[in-house]
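One structure is given below, encoded as C-alpha coordinates.
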Amino acid sequence: MFVTTVGRADKETMILAKRLAEELQIPFIARRKRSVRDIQAEHNEDDCLVFGKKRMELFRYLVLSPSGRQRKKRT
(Lines give C-alpha, C1' and ligand atoms only; values in the text may rest on other atoms or scores of the structure.)
Protein backbone atom coordinates (compact mmCIF):
# COMPACT_ATOMS: atom_id res chain seq x y z
CA MET A 1 0.00 0.00 0.00
CA PHE A 2 1.11 3.56 -0.70
CA VAL A 3 -0.22 7.11 -0.60
CA THR A 4 -0.49 9.48 -3.54
CA THR A 5 -2.49 12.61 -4.30
CA VAL A 6 -5.31 13.50 -6.64
CA GLY A 7 -4.19 14.44 -10.14
CA ARG A 8 -4.05 18.21 -9.63
CA ALA A 9 -2.93 18.54 -6.03
CA ASP A 10 -1.84 21.85 -4.58
CA LYS A 11 1.19 22.24 -2.34
CA GLU A 12 -0.82 21.93 0.90
CA THR A 13 -2.42 18.67 -0.27
CA MET A 14 1.02 17.27 -1.15
CA ILE A 15 2.34 18.13 2.31
CA LEU A 16 -0.66 16.54 4.04
CA ALA A 17 -0.44 13.40 1.87
CA LYS A 18 3.25 13.00 2.69
CA ARG A 19 2.49 13.47 6.39
CA LEU A 20 -0.23 10.79 6.19
CA ALA A 21 2.15 8.34 4.53
CA GLU A 22 4.72 9.01 7.22
CA GLU A 23 2.17 8.44 10.01
CA LEU A 24 0.99 5.20 8.41
CA GLN A 25 4.60 4.19 7.73
CA ILE A 26 3.92 3.52 4.07
CA PRO A 27 5.53 5.10 0.99
CA PHE A 28 4.36 8.33 -0.61
CA ILE A 29 4.58 8.23 -4.41
CA ALA A 30 4.13 11.43 -6.42
CA ARG A 31 1.62 11.20 -9.29
CA ARG A 32 3.66 13.05 -11.95
CA LYS A 33 0.70 12.90 -14.37
CA ARG A 34 0.47 9.09 -14.08
CA SER A 35 -2.71 7.15 -13.40
CA VAL A 36 -3.12 5.37 -10.08
CA ARG A 37 -3.27 2.07 -11.96
CA ASP A 38 0.04 2.77 -13.73
CA ILE A 39 1.71 3.55 -10.40
CA GLN A 40 0.26 0.40 -8.84
CA ALA A 41 1.60 -1.71 -11.70
CA GLU A 42 4.99 0.01 -11.73
CA HIS A 43 5.48 -0.50 -7.98
CA ASN A 44 3.72 -3.89 -7.80
CA GLU A 45 1.28 -2.58 -5.19
CA ASP A 46 -2.40 -3.50 -4.99
CA ASP A 47 -3.77 -0.83 -2.66
CA CYS A 48 -3.39 2.94 -2.87
CA LEU A 49 -4.77 5.74 -0.72
CA VAL A 50 -5.47 8.74 -2.94
CA PHE A 51 -5.42 11.91 -0.84
CA GLY A 52 -7.38 14.97 -1.92
CA LYS A 53 -8.53 18.24 -0.39
CA LYS A 54 -11.96 16.98 0.61
CA ARG A 55 -11.54 13.23 0.91
CA MET A 56 -9.35 10.19 0.76
CA GLU A 57 -10.15 7.10 -1.33
CA LEU A 58 -8.82 3.56 -1.38
CA PHE A 59 -8.07 2.29 -4.87
CA ARG A 60 -7.56 -1.44 -5.26
CA TYR A 61 -5.89 -2.98 -8.30
CA LEU A 62 -7.99 -5.06 -10.70
CA VAL A 63 -8.00 -8.83 -10.31
CA LEU A 64 -9.28 -11.64 -12.49
CA SER A 65 -12.58 -13.29 -11.63
CA PRO A 66 -12.96 -17.11 -11.90
CA SER A 67 -14.29 -16.61 -15.45
CA GLY A 68 -11.11 -14.75 -16.42
CA ARG A 69 -12.77 -11.33 -16.65
CA GLN A 70 -11.28 -8.32 -14.93
CA ARG A 71 -13.13 -6.90 -11.97
CA LYS A 72 -12.34 -4.48 -9.18
CA LYS A 73 -11.57 -5.76 -5.71
CA ARG A 74 -14.27 -4.85 -3.25
CA THR A 75 -13.31 -2.68 -0.30
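FYI, nothing fancy with the C-alpha coordinates labels: chains A, B, ... in order, residues from 1 per chain, ligands from 1 as they appear.
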
- Message: According to DSSP computed on the backbone, where in region 10-71 of chain A is there alpha helix (DSSP H)? Give the residues as a ChimeraX atom specification.
- Response: /A:11-24,36-43

- Message: Quick check for you: according to DSSP on this backbone, which residues of chain A are classed as strand (DSSP E)? Reply as a list in words.
- Response: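 The strand (DSSP E) subset of chain A is Phe2, Val3, Thr4, Thr5, Asp47, Cys48, Leu49, Val50, Phe51, Met56, Glu57, Leu58, Phe59, Arg60, Leu62, Val63, Leu64, Gln70, Arg71 and Lys72 of chain A.
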
- Top pick for closest residue to Pro27 (chain A), considering A:His43, A:Arg8, A:Lys53, A:Arg60 and counting only C-alpha atoms: A:His43

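From CA of Val3 (chain A) back to CA of Lys33 (chain A), the distance works out to 15.0 Å.
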
- Item | Two-atom distance - CA of Phe2 (chain A), CA of Gln25 (chain A) (Å) |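 That distance, rounded to one decimal, is 9.1 Å.
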
- Message: Ranking A:Gly7, A:Ser35, A:Glu42, A:Met56 by minimum distance to Leu20 (chain A) and counting only C-alpha atoms, which one comes first?
- Response: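 Among the listed residues, the smallest separation from Leu20 (chain A) belongs to A:Met56.
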